[in-house]
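Trainee: My structure is in work_12.pdb, and what it holds is PDB, C-alpha atoms and all ligand atoms:
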ATOM      1  CA  MET G   1      90.985  22.482-101.216  1.00  0.00           C
ATOM      2  CA  ILE G   2      87.697  20.575-100.999  1.00  0.00           C
ATOM      3  CA  VAL G   3      87.433  17.141-102.606  1.00  0.00           C
ATOM      4  CA  LYS G   4      84.078  15.592-103.510  1.00  0.00           C
ATOM      5  CA  ILE G   5      82.995  12.457-105.341  1.00  0.00           C
ATOM      6  CA  ILE G   6      80.936  13.188-108.445  1.00  0.00           C
ATOM      7  CA  SER G   7      77.458  11.710-108.044  1.00  0.00           C
ATOM      8  CA  ASP G   8      76.240  12.413-111.574  1.00  0.00           C
ATOM      9  CA  VAL G   9      77.364  13.897-114.880  1.00  0.00           C
ATOM     10  CA  GLU G  10      74.681  15.189-117.228  1.00  0.00           C
ATOM     11  CA  ARG G  11      75.753  15.820-120.824  1.00  0.00           C
ATOM     12  CA  ILE G  12      74.081  18.867-122.342  1.00  0.00           C
ATOM     13  CA  GLY G  13      74.701  19.267-126.044  1.00  0.00           C
ATOM     14  CA  ARG G  14      77.978  18.709-127.794  1.00  0.00           C
ATOM     15  CA  ASN G  15      80.485  20.388-125.458  1.00  0.00           C
ATOM     16  CA  THR G  16      78.781  21.053-122.121  1.00  0.00           C
ATOM     17  CA  VAL G  17      78.276  18.990-118.949  1.00  0.00           C
ATOM     18  CA  THR G  18      76.710  19.526-115.544  1.00  0.00           C
ATOM     19  CA  ILE G  19      78.647  17.866-112.733  1.00  0.00           C
ATOM     20  CA  ARG G  20      76.677  17.143-109.540  1.00  0.00           C
ATOM     21  CA  PHE G  21      78.060  16.417-106.069  1.00  0.00           C
ATOM     22  CA  SER G  22      76.748  16.458-102.480  1.00  0.00           C
ATOM     23  CA  TRP G  23      78.064  19.365-100.443  1.00  0.00           C
ATOM     24  CA  ASP G  24      76.525  20.606 -97.210  1.00  0.00           C
ATOM     25  CA  GLN G  25      77.457  24.270 -97.729  1.00  0.00           C
ATOM     26  CA  LYS G  26      75.267  27.325 -98.178  1.00  0.00           C
ATOM     27  CA  VAL G  27      75.823  28.714-101.658  1.00  0.00           C
ATOM     28  CA  GLU G  28      74.001  31.680-103.147  1.00  0.00           C
ATOM     29  CA  PRO G  29      73.095  32.354-106.804  1.00  0.00           C
ATOM     30  CA  GLY G  30      75.872  34.274-108.532  1.00  0.00           C
ATOM     31  CA  GLN G  31      78.751  32.742-106.552  1.00  0.00           C
ATOM     32  CA  PHE G  32      81.515  30.676-108.116  1.00  0.00           C
ATOM     33  CA  LEU G  33      84.072  27.969-107.322  1.00  0.00           C
ATOM     34  CA  MET G  34      87.763  27.800-108.244  1.00  0.00           C
ATOM     35  CA  VAL G  35      87.899  24.301-109.719  1.00  0.00           C
ATOM     36  CA  TRP G  36      91.113  22.351-110.227  1.00  0.00           C
ATOM     37  CA  MET G  37      92.178  19.114-111.876  1.00  0.00           C
ATOM     38  CA  PRO G  38      95.548  17.395-111.448  1.00  0.00           C
ATOM     39  CA  ASN G  39      98.005  18.626-114.141  1.00  0.00           C
ATOM     40  CA  HIS G  40      95.707  21.475-115.197  1.00  0.00           C
ATOM     41  CA  SER G  41      95.202  25.121-114.231  1.00  0.00           C
ATOM     42  CA  GLU G  42      92.557  26.188-111.763  1.00  0.00           C
ATOM     43  CA  ILE G  43      89.576  27.986-113.326  1.00  0.00           C
ATOM     44  CA  PRO G  44      86.526  29.858-111.983  1.00  0.00           C
ATOM     45  CA  ILE G  45      83.177  28.193-112.656  1.00  0.00           C
ATOM     46  CA  SER G  46      79.725  29.506-111.752  1.00  0.00           C
ATOM     47  CA  ILE G  47      77.566  27.357-109.516  1.00  0.00           C
ATOM     48  CA  SER G  48      74.523  26.283-111.524  1.00  0.00           C
ATOM     49  CA  HIS G  49      72.774  24.222-108.827  1.00  0.00           C
ATOM     50  CA  THR G  50      72.677  25.624-105.289  1.00  0.00           C
ATOM     51  CA  GLY G  51      70.521  23.015-103.463  1.00  0.00           C
ATOM     52  CA  PRO G  52      71.968  20.226-101.266  1.00  0.00           C
ATOM     53  CA  LEU G  53      73.103  18.450-104.450  1.00  0.00           C
ATOM     54  CA  LYS G  54      75.364  21.158-105.880  1.00  0.00           C
ATOM     55  CA  GLY G  55      76.235  21.467-109.534  1.00  0.00           C
ATOM     56  CA  ILE G  56      78.571  23.264-111.874  1.00  0.00           C
ATOM     57  CA  THR G  57      77.968  23.488-115.599  1.00  0.00           C
ATOM     58  CA  ILE G  58      81.060  23.541-117.774  1.00  0.00           C
ATOM     59  CA  ARG G  59      81.429  24.359-121.437  1.00  0.00           C
ATOM     60  CA  SER G  60      84.671  23.353-123.068  1.00  0.00           C
ATOM     61  CA  TYR G  61      86.724  26.446-124.000  1.00  0.00           C
ATOM     62  CA  GLY G  62      90.252  25.741-122.718  1.00  0.00           C
ATOM     63  CA  GLU G  63      92.534  22.952-121.526  1.00  0.00           C
ATOM     64  CA  THR G  64      91.073  22.629-118.001  1.00  0.00           C
ATOM     65  CA  SER G  65      87.431  22.774-119.055  1.00  0.00           C
ATOM     66  CA  GLU G  66      88.194  20.363-121.914  1.00  0.00           C
ATOM     67  CA  ALA G  67      89.562  17.881-119.369  1.00  0.00           C
ATOM     68  CA  MET G  68      86.628  18.458-117.014  1.00  0.00           C
ATOM     69  CA  ILE G  69      83.979  17.545-119.517  1.00  0.00           C
ATOM     70  CA  GLY G  70      85.571  14.085-119.613  1.00  0.00           C
ATOM     71  CA  LEU G  71      84.880  13.497-115.892  1.00  0.00           C
ATOM     72  CA  ARG G  72      82.573  10.625-114.949  1.00  0.00           C
ATOM     73  CA  LYS G  73      80.340   9.632-112.045  1.00  0.00           C
ATOM     74  CA  GLY G  74      82.583   8.375-109.207  1.00  0.00           C
ATOM     75  CA  ASP G  75      85.557  10.580-110.189  1.00  0.00           C
ATOM     76  CA  ARG G  76      86.794  13.217-107.764  1.00  0.00           C
ATOM     77  CA  ILE G  77      86.354  16.956-108.159  1.00  0.00           C
ATOM     78  CA  PHE G  78      88.686  19.454-106.437  1.00  0.00           C
ATOM     79  CA  PHE G  79      87.699  23.031-105.681  1.00  0.00           C
ATOM     80  CA  ARG G  80      87.833  26.077-103.389  1.00  0.00           C
ATOM     81  CA  GLY G  81      84.971  28.404-102.518  1.00  0.00           C
ATOM     82  CA  PRO G  82      82.212  29.449-102.688  1.00  0.00           C
ATOM     83  CA  TYR G  83      83.518  32.895-103.627  1.00  0.00           C
ATOM     84  CA  GLY G  84      82.125  36.178-104.861  1.00  0.00           C
ATOM     85  CA  ARG G  85      79.277  38.548-104.145  1.00  0.00           C
ATOM     86  CA  PRO G  86      75.978  36.820-104.975  1.00  0.00           C
ATOM     87  CA  PHE G  87      73.048  38.421-106.787  1.00  0.00           C
ATOM     88  CA  ASP G  88      70.900  40.625-104.585  1.00  0.00           C
ATOM     89  CA  ILE G  89      67.620  38.804-105.181  1.00  0.00           C
ATOM     90  CA  LYS G  90      64.606  41.095-105.105  1.00  0.00           C
ATOM     91  CA  PRO G  91      60.927  40.101-104.886  1.00  0.00           C
ATOM     92  CA  GLY G  92      58.836  40.348-108.037  1.00  0.00           C
ATOM     93  CA  ARG G  93      59.071  39.159-111.632  1.00  0.00           C
ATOM     94  CA  LYS G  94      62.545  38.412-112.934  1.00  0.00           C
ATOM     95  CA  LEU G  95      63.872  38.953-116.428  1.00  0.00           C
ATOM     96  CA  ILE G  96      66.842  36.616-116.866  1.00  0.00           C
ATOM     97  CA  VAL G  97      69.189  37.234-119.788  1.00  0.00           C
ATOM     98  CA  GLY G  98      71.894  34.622-120.419  1.00  0.00           C
ATOM     99  CA  GLY G  99      74.420  34.480-123.230  1.00  0.00           C
ATOM    100  CA  GLY G 100      76.263  31.229-124.013  1.00  0.00           C
ATOM    101  CA  SER G 101      77.504  29.479-120.864  1.00  0.00           C
ATOM    102  CA  GLY G 102      76.469  32.577-118.883  1.00  0.00           C
ATOM    103  CA  MET G 103      73.057  30.924-118.398  1.00  0.00           C
ATOM    104  CA  ALA G 104      74.689  28.442-115.970  1.00  0.00           C
ATOM    105  CA  GLY G 105      75.122  30.991-113.191  1.00  0.00           C
ATOM    106  CA  LEU G 106      71.600  32.329-113.740  1.00  0.00           C
ATOM    107  CA  LEU G 107      69.883  28.929-113.512  1.00  0.00           C
ATOM    108  CA  PRO G 108      69.320  29.129-109.707  1.00  0.00           C
ATOM    109  CA  LEU G 109      67.248  32.295-110.278  1.00  0.00           C
ATOM    110  CA  VAL G 110      64.737  30.641-112.630  1.00  0.00           C
ATOM    111  CA  ASP G 111      61.268  30.240-111.094  1.00  0.00           C
ATOM    112  CA  SER G 112      57.773  29.717-112.505  1.00  0.00           C
ATOM    113  CA  ARG G 113      57.185  33.458-113.176  1.00  0.00           C
ATOM    114  CA  ALA G 114      60.629  34.288-114.539  1.00  0.00           C
ATOM    115  CA  TYR G 115      61.053  35.208-118.200  1.00  0.00           C
ATOM    116  CA  GLY G 116      64.229  34.304-120.051  1.00  0.00           C
ATOM    117  CA  VAL G 117      66.182  35.661-122.970  1.00  0.00           C
ATOM    118  CA  VAL G 118      68.590  32.855-123.842  1.00  0.00           C
ATOM    119  CA  SER G 119      71.164  33.553-126.542  1.00  0.00           C
ATOM    120  CA  ALA G 120      73.995  31.652-128.174  1.00  0.00           C
ATOM    121  CA  ARG G 121      75.877  31.425-131.441  1.00  0.00           C
ATOM    122  CA  THR G 122      73.754  28.553-132.726  1.00  0.00           C
ATOM    123  CA  SER G 123      70.751  26.469-131.609  1.00  0.00           C
ATOM    124  CA  SER G 124      72.913  23.623-130.269  1.00  0.00           C
ATOM    125  CA  ASP G 125      74.707  26.060-127.921  1.00  0.00           C
ATOM    126  CA  LEU G 126      71.533  27.377-126.247  1.00  0.00           C
ATOM    127  CA  LEU G 127      71.737  26.517-122.551  1.00  0.00           C
ATOM    128  CA  PHE G 128      68.815  25.881-120.163  1.00  0.00           C
ATOM    129  CA  ALA G 129      66.154  27.524-122.381  1.00  0.00           C
ATOM    130  CA  ASP G 130      63.978  24.510-121.467  1.00  0.00           C
ATOM    131  CA  ARG G 131      64.045  25.421-117.762  1.00  0.00           C
ATOM    132  CA  PHE G 132      61.634  28.333-118.175  1.00  0.00           C
ATOM    133  CA  ALA G 133      57.857  27.803-118.034  1.00  0.00           C
ATOM    134  CA  GLU G 134      56.097  27.391-121.365  1.00  0.00           C
ATOM    135  CA  GLY G 135      55.892  30.675-123.250  1.00  0.00           C
ATOM    136  CA  HIS G 136      58.337  32.337-120.865  1.00  0.00           C
ATOM    137  CA  VAL G 137      61.451  32.358-123.021  1.00  0.00           C
ATOM    138  CA  THR G 138      62.795  34.162-126.074  1.00  0.00           C
ATOM    139  CA  MET G 139      65.636  32.356-127.806  1.00  0.00           C
ATOM    140  CA  VAL G 140      68.196  34.289-129.845  1.00  0.00           C
ATOM    141  CA  THR G 141      70.938  32.872-132.061  1.00  0.00           C
ATOM    142  CA  ASP G 142      73.682  34.597-134.043  1.00  0.00           C
ATOM    143  CA  ASP G 143      72.979  32.387-137.058  1.00  0.00           C
ATOM    144  CA  GLY G 144      69.179  32.271-136.802  1.00  0.00           C
ATOM    145  CA  THR G 145      68.999  28.487-136.260  1.00  0.00           C
ATOM    146  CA  ALA G 146      66.574  29.049-133.339  1.00  0.00           C
ATOM    147  CA  GLY G 147      64.422  31.967-132.295  1.00  0.00           C
ATOM    148  CA  ILE G 148      65.373  35.523-133.258  1.00  0.00           C
ATOM    149  CA  ARG G 149      68.436  35.948-135.473  1.00  0.00           C
ATOM    150  CA  GLY G 150      70.747  38.402-133.741  1.00  0.00           C
ATOM    151  CA  PHE G 151      72.213  39.018-130.296  1.00  0.00           C
ATOM    152  CA  ALA G 152      70.809  38.978-126.758  1.00  0.00           C
ATOM    153  CA  ILE G 153      70.110  42.702-126.949  1.00  0.00           C
ATOM    154  CA  ASP G 154      67.665  42.047-129.806  1.00  0.00           C
ATOM    155  CA  GLY G 155      65.730  39.668-127.536  1.00  0.00           C
ATOM    156  CA  VAL G 156      65.688  42.262-124.759  1.00  0.00           C
ATOM    157  CA  LYS G 157      64.461  44.968-127.148  1.00  0.00           C
ATOM    158  CA  SER G 158      61.528  42.749-128.163  1.00  0.00           C
ATOM    159  CA  LEU G 159      60.125  42.819-124.587  1.00  0.00           C
ATOM    160  CA  GLN G 160      58.135  45.312-122.526  1.00  0.00           C
ATOM    161  CA  LEU G 161      60.634  45.907-119.746  1.00  0.00           C
ATOM    162  CA  ASP G 162      58.118  47.541-117.423  1.00  0.00           C
ATOM    163  CA  GLU G 163      56.556  44.078-116.920  1.00  0.00           C
ATOM    164  CA  PHE G 164      59.588  43.082-114.840  1.00  0.00           C
ATOM    165  CA  ASP G 165      60.908  44.065-111.414  1.00  0.00           C
ATOM    166  CA  MET G 166      64.578  43.118-111.865  1.00  0.00           C
ATOM    167  CA  MET G 167      66.828  42.059-114.708  1.00  0.00           C
ATOM    168  CA  TYR G 168      69.676  39.592-114.104  1.00  0.00           C
ATOM    169  CA  VAL G 169      72.265  39.287-116.888  1.00  0.00           C
ATOM    170  CA  CYS G 170      75.312  37.074-117.489  1.00  0.00           C
ATOM    171  CA  GLY G 171      77.362  36.370-120.605  1.00  0.00           C
ATOM    172  CA  PRO G 172      80.234  37.760-122.687  1.00  0.00           C
ATOM    173  CA  GLU G 173      81.185  41.290-121.699  1.00  0.00           C
ATOM    174  CA  LEU G 174      80.232  42.934-124.996  1.00  0.00           C
ATOM    175  CA  MET G 175      76.768  41.419-124.674  1.00  0.00           C
ATOM    176  CA  LEU G 176      76.509  42.856-121.153  1.00  0.00           C
ATOM    177  CA  LYS G 177      77.715  46.236-122.377  1.00  0.00           C
ATOM    178  CA  SER G 178      75.098  46.411-125.151  1.00  0.00           C
ATOM    179  CA  ILE G 179      72.373  45.602-122.624  1.00  0.00           C
ATOM    180  CA  LEU G 180      73.710  48.085-120.077  1.00  0.00           C
ATOM    181  CA  ASP G 181      73.729  50.835-122.709  1.00  0.00           C
ATOM    182  CA  TYR G 182      70.101  50.010-123.567  1.00  0.00           C
ATOM    183  CA  VAL G 183      68.762  49.917-119.987  1.00  0.00           C
ATOM    184  CA  ALA G 184      71.007  52.612-118.504  1.00  0.00           C
ATOM    185  CA  HIS G 185      68.336  55.275-118.632  1.00  0.00           C
ATOM    186  CA  LYS G 186      65.300  53.008-118.334  1.00  0.00           C
ATOM    187  CA  SER G 187      63.558  52.455-115.015  1.00  0.00           C
ATOM    188  CA  ILE G 188      64.170  48.674-114.792  1.00  0.00           C
ATOM    189  CA  PRO G 189      66.806  47.824-112.151  1.00  0.00           C
ATOM    190  CA  ALA G 190      69.483  45.400-113.385  1.00  0.00           C
ATOM    191  CA  GLN G 191      72.334  43.293-112.060  1.00  0.00           C
ATOM    192  CA  PHE G 192      75.123  41.884-114.202  1.00  0.00           C
ATOM    193  CA  SER G 193      77.519  39.000-113.552  1.00  0.00           C
ATOM    194  CA  LEU G 194      80.879  39.490-115.294  1.00  0.00           C
ATOM    195  CA  GLU G 195      83.225  36.825-116.664  1.00  0.00           C
ATOM    196  CA  ARG G 196      86.911  37.814-116.661  1.00  0.00           C
ATOM    197  CA  THR G 197      90.307  36.215-116.064  1.00  0.00           C
ATOM    198  CA  MET G 198      90.604  35.017-112.459  1.00  0.00           C
ATOM    199  CA  LYS G 199      93.685  33.365-111.024  1.00  0.00           C
ATOM    200  CA  CYS G 200      93.397  33.376-107.224  1.00  0.00           C
ATOM    201  CA  GLY G 201      89.680  34.036-106.626  1.00  0.00           C
ATOM    202  CA  ILE G 202      90.383  35.660-103.256  1.00  0.00           C
ATOM    203  CA  GLY G 203      91.596  39.197-103.927  1.00  0.00           C
ATOM    204  CA  ILE G 204      95.396  38.658-104.054  1.00  0.00           C
ATOM    205  CA  CYS G 205      96.590  38.522-107.685  1.00  0.00           C
ATOM    206  CA  ASP G 206      94.663  41.451-109.253  1.00  0.00           C
ATOM    207  CA  SER G 207      94.156  39.501-112.503  1.00  0.00           C
ATOM    208  CA  CYS G 208      90.407  40.187-112.347  1.00  0.00           C
ATOM    209  CA  SER G 209      90.534  43.929-111.757  1.00  0.00           C
ATOM    210  CA  ILE G 210      88.156  46.329-113.478  1.00  0.00           C
ATOM    211  CA  ASP G 211      88.459  50.051-112.767  1.00  0.00           C
ATOM    212  CA  GLY G 212      90.414  49.221-109.612  1.00  0.00           C
ATOM    213  CA  ARG G 213      87.767  46.840-108.281  1.00  0.00           C
ATOM    214  CA  GLN G 214      88.262  43.108-107.966  1.00  0.00           C
ATOM    215  CA  LEU G 215      85.747  40.884-109.673  1.00  0.00           C
ATOM    216  CA  CYS G 216      86.447  37.951-107.369  1.00  0.00           C
ATOM    217  CA  THR G 217      85.693  39.721-104.096  1.00  0.00           C
ATOM    218  CA  GLU G 218      83.655  42.820-104.995  1.00  0.00           C
ATOM    219  CA  GLY G 219      81.845  41.065-107.883  1.00  0.00           C
ATOM    220  CA  PRO G 220      81.347  39.147-110.072  1.00  0.00           C
ATOM    221  CA  THR G 221      77.857  40.673-109.742  1.00  0.00           C
ATOM    222  CA  PHE G 222      77.479  44.422-110.110  1.00  0.00           C
ATOM    223  CA  SER G 223      74.434  46.664-110.285  1.00  0.00           C
ATOM    224  CA  LYS G 224      73.620  48.755-113.335  1.00  0.00           C
ATOM    225  CA  GLU G 225      74.671  51.896-111.461  1.00  0.00           C
ATOM    226  CA  GLU G 226      78.048  50.411-110.455  1.00  0.00           C
ATOM    227  CA  LEU G 227      78.855  49.352-114.025  1.00  0.00           C
ATOM    228  CA  MET G 228      77.826  52.708-115.500  1.00  0.00           C
ATOM    229  CA  GLY G 229      80.773  54.267-113.668  1.00  0.00           C
ATOM    230  CA  MET G 230      83.373  51.762-114.954  1.00  0.00           C
ATOM    231  CA  HIS G 231      85.369  52.917-117.994  1.00  0.00           C
ATOM    232  CA  GLU G 232      87.070  49.532-118.519  1.00  0.00           C
ATOM    233  CA  PHE G 233      83.718  47.723-118.714  1.00  0.00           C
ATOM    234  CA  GLY G 234      83.233  46.541-122.295  1.00  0.00           C
ATOM    235  CA  THR G 235      86.474  48.137-123.491  1.00  0.00           C
ATOM    236  CA  THR G 236      89.636  46.515-122.025  1.00  0.00           C
ATOM    237  CA  ARG G 237      90.585  43.540-119.867  1.00  0.00           C
ATOM    238  CA  LEU G 238      93.695  41.764-118.573  1.00  0.00           C
ATOM    239  CA  THR G 239      94.856  38.471-120.124  1.00  0.00           C
ATOM    240  CA  GLU G 240      96.267  35.472-118.203  1.00  0.00           C
ATOM    241  CA  SER G 241      99.748  36.982-118.614  1.00  0.00           C
ATOM    242  CA  GLY G 242      98.628  40.337-117.205  1.00  0.00           C
ATOM    243  CA  LYS G 243      98.604  42.194-120.524  1.00  0.00           C
ATOM    244  CA  ARG G 244      95.780  44.711-121.044  1.00  0.00           C
ATOM    245  CA  ILE G 245      93.912  44.147-124.305  1.00  0.00           C
ATOM    246  CA  GLN G 246      90.847  45.508-126.085  1.00  0.00           C
ATOM    247  CA  ILE G 247      87.738  43.380-125.695  1.00  0.00           C
ATOM    248  CA  GLY G 248      86.489  41.939-128.985  1.00  0.00           C
ATOM    249  CA  ARG G 249      83.242  40.195-129.732  1.00  0.00           C
ATOM    250  CA  HIS G 250      83.386  36.470-128.962  1.00  0.00           C
TER
HETATM  251  S1  LIG B 301      91.329  36.603-109.118  1.00  0.00           S
HETATM  252 FE1  LIG B 301      93.040  37.286-107.984  1.00  0.00          FE
HETATM  253  S2  LIG B 301      92.463  39.226-107.254  1.00  0.00           S
HETATM  254 FE2  LIG B 301      90.675  38.462-108.235  1.00  0.00          FE
END
As structure tokens, please, write out the structure in this file.
Mentor:
Amino acid sequence: MIVKIISDVERIGRNTVTIRFSWDQKVEPGQFLMVWMPNHSEIPISISHTGPLKGITIRSYGETSEAMIGLRKGDRIFFRGPYGRPFDIKPGRKLIVGGGSGMAGLLPLVDSRAYGVVSARTSSDLLFADRFAEGHVTMVTDDGTAGIRGFAIDGVKSLQLDEFDMMYVCGPELMLKSILDYVAHKSIPAQFSLERTMKCGIGICDSCSIDGRQLCTEGPTFSKEELMGMHEFGTTRLTESGKRIQIGRH
């Protein structure tokens, strides 16, 4: 377990924070940490800042993340990692599609030429849309309070995909599935980062398995071609207790 002192906490909107800390470790976009707090469960969190001053961006959705967003500068943060297969970054123009807190793990990919589709339930939940160059982002909200009213796929459908060399996508699995179905037979290459239950992060517990592959060691990033062969993608997943359930929209 690695322990670091928090050097800064940036509050982003009503229930999201970015926690920054110095860590002299090479970390690649798409990797994650298993983050722990005393008296709480360990949870996987994408790394949103990969420079010398690392960062993780946390949205409150459960008891550990709820406790984490109360952390302050000078507090300690406990974690293991970095884990997971990073994105395979290709040269050329990137199309970055992030849903909800999924934008956190995509942030290290944003550059001056990148174009973003940033989606969330409502305008106050949109994450990092301001990090794209002017005119380089399409915002999408479920309730229409910003940008297009609809889902991330509606933002993707509004674009000319042949203007881009690679698509990078992260968000809820049903969002990923709708985008995969749309681009499956188009020429644009795509990589997806999946969010599923993870307990150990190192390939032991099998809580993260999808079609016999482990998200924590073989993912969380997968290519379009890899996902097209997975029957459990967008249909079923394991819960914390190991029960297999249907995936519903969230
Ligand atoms: S989280 Fe335990 S095997 Fe992947």
Trainee: Enumerate as a ChimeraX atom specification the residues within 6 Å of ligand LIG 301 (chain B), counting only C-alpha atoms and all ligand atoms.
Mentor: /G:198-208,214-216
Trainee: Could you write out that same residue set with C-alpha atoms as an mmCIF file, in the coordinates of the input?
Mentor:
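Contents of part.cif, as written:
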data_model
loop_
_atom_site.group_PDB
_atom_site.id
_atom_site.type_symbol
_atom_site.label_atom_id
_atom_site.label_comp_id
_atom_site.auth_asym_id
_atom_site.auth_seq_id
_atom_site.Cartn_x
_atom_site.Cartn_y
_atom_site.Cartn_z
ATOM 1 C CA MET G 198 90.604 35.017 -112.459
ATOM 2 C CA LYS G 199 93.685 33.365 -111.024
ATOM 3 C CA CYS G 200 93.397 33.376 -107.224
ATOM 4 C CA GLY G 201 89.680 34.036 -106.626
ATOM 5 C CA ILE G 202 90.383 35.660 -103.256
ATOM 6 C CA GLY G 203 91.596 39.197 -103.927
ATOM 7 C CA ILE G 204 95.396 38.658 -104.054
ATOM 8 C CA CYS G 205 96.590 38.522 -107.685
ATOM 9 C CA ASP G 206 94.663 41.451 -109.253
ATOM 10 C CA SER G 207 94.156 39.501 -112.503
ATOM 11 C CA CYS G 208 90.407 40.187 -112.347
ATOM 12 C CA GLN G 214 88.262 43.108 -107.966
ATOM 13 C CA LEU G 215 85.747 40.884 -109.673
ATOM 14 C CA CYS G 216 86.447 37.951 -107.369
#
Trainee: Translate the PyMOL selection byres (((chain G and resi 178-193) around 7) and not hetatm) into a concrete residue list for this structure, as a ChimeraX atom specification.
Mentor: /G:153,161-162,165-170,174-177,194-195,220-224
Trainee: Grab the residues selected above and save them as a compact mmCIF listing (two decimals), keeping the file's coordinate frame with C-alpha atoms.
Mentor:
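Contents of again_24.txt, as written:
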# COMPACT_ATOMS: atom_id res chain seq x y z
CA ILE G 153 70.11 42.70 -126.95
CA LEU G 161 60.63 45.91 -119.75
CA ASP G 162 58.12 47.54 -117.42
CA ASP G 165 60.91 44.06 -111.41
CA MET G 166 64.58 43.12 -111.86
CA MET G 167 66.83 42.06 -114.71
CA TYR G 168 69.68 39.59 -114.10
CA VAL G 169 72.26 39.29 -116.89
CA CYS G 170 75.31 37.07 -117.49
CA LEU G 174 80.23 42.93 -125.00
CA MET G 175 76.77 41.42 -124.67
CA LEU G 176 76.51 42.86 -121.15
CA LYS G 177 77.72 46.24 -122.38
CA LEU G 194 80.88 39.49 -115.29
CA GLU G 195 83.22 36.83 -116.66
CA PRO G 220 81.35 39.15 -110.07
CA THR G 221 77.86 40.67 -109.74
CA PHE G 222 77.48 44.42 -110.11
CA SER G 223 74.43 46.66 -110.28
CA LYS G 224 73.62 48.76 -113.34
Trainee: Would you mind reading off the distance between atom CA of G:Arg80 and atom CA of G:Val35, one decimal, in Å?
Mentor: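 About the pair atom CA of G:Arg80 and atom CA of G:Val35: they are 6.6 Å apart.
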Trainee: Could you tell me which residues the PyMOL selection byres (((chain G and resi 100-112) around 9) and not hetatm) grabs in this file, written as a VMD selection string?
Mentor: chain G and resid 16 28 to 32 45 to 51 56 to 59 89 94 96 to 99 113 to 116 118 to 121 125 to 129 131 to 133 136 168 to 172 193 to 195
Trainee: Which residues fall under the PyMOL selection byres (((chain G and resi 25) around 9) and not hetatm) in this file, as number ranges by chain?
Mentor: G: 23-24, 26-27, 52, 54, 82
Trainee: Restricting the calculation to only C-alpha atoms, which member of G:Asn39, G:Gly81, G:Phe21, G:Asp143 is positioned closest to G:Thr217?
Mentor: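 Checking each of G:Asn39, G:Gly81, G:Phe21, G:Asp143 against G:Thr217, counting only C-alpha atoms, the winner is G:Gly81.
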Trainee: Could you work out how far atom CA of G:Glu240 lies from atom CA of G:Arg196, giving the answer in Å with one decimal?
Mentor: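 Between these atoms lies a distance of 9.8 Å.
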Trainee: Give as a list in words each residue that has an atom at most 9 Å from (82.9, 48.6, -124.8) in the file, counting only C-alpha atoms.
Mentor: Glu173, Leu174, Lys177, Ser178, His231, Glu232, Phe233, Gly234, Thr235, Thr236, Gln246, Ile247 and Gly248 of chain G
Trainee: When you count all atoms listed in the file, which of these residues is closest to G:Tyr61: G:Gln160, G:Leu227, G:Asn15, G:Arg85?
Mentor: G:Asn15
Trainee: Between G:Thr145, G:Ile6, G:Asp88, G:Glu163, which has the minimum distance to G:Leu71 (counting only C-alpha atoms)?
Mentor: G:Ile6
Trainee: In Å to one decimal, how far is atom CA of G:Val17 from atom CA of G:Ile69?
Mentor: 5.9 Å
Trainee: Using only C-alpha atoms, which residue out of G:Arg213, G:Arg20, G:Lys4, G:Arg93 lies closest to G:Phe79?
Mentor: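 Among the listed residues, G:Lys4 lies closest to G:Phe79.
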Trainee: Between G:Val9, G:Ser123, G:Glu226, G:Arg72, single out the one closest to G:Arg149, counting all atoms listed in the file.
Mentor: G:Ser123
Trainee: Given 8 Å on each side, where is the centre and what are the edge lengths in Å to one decimal of the axis-aligned box enclosing the listed atoms of stretch 138-155 of chain G, as AutoDock Vina command-line options?
Mentor:
--center_x 68.2 --center_y 35.6 --center_z -131.6 --size_x 26.9 --size_y 30.2 --size_z 27.0
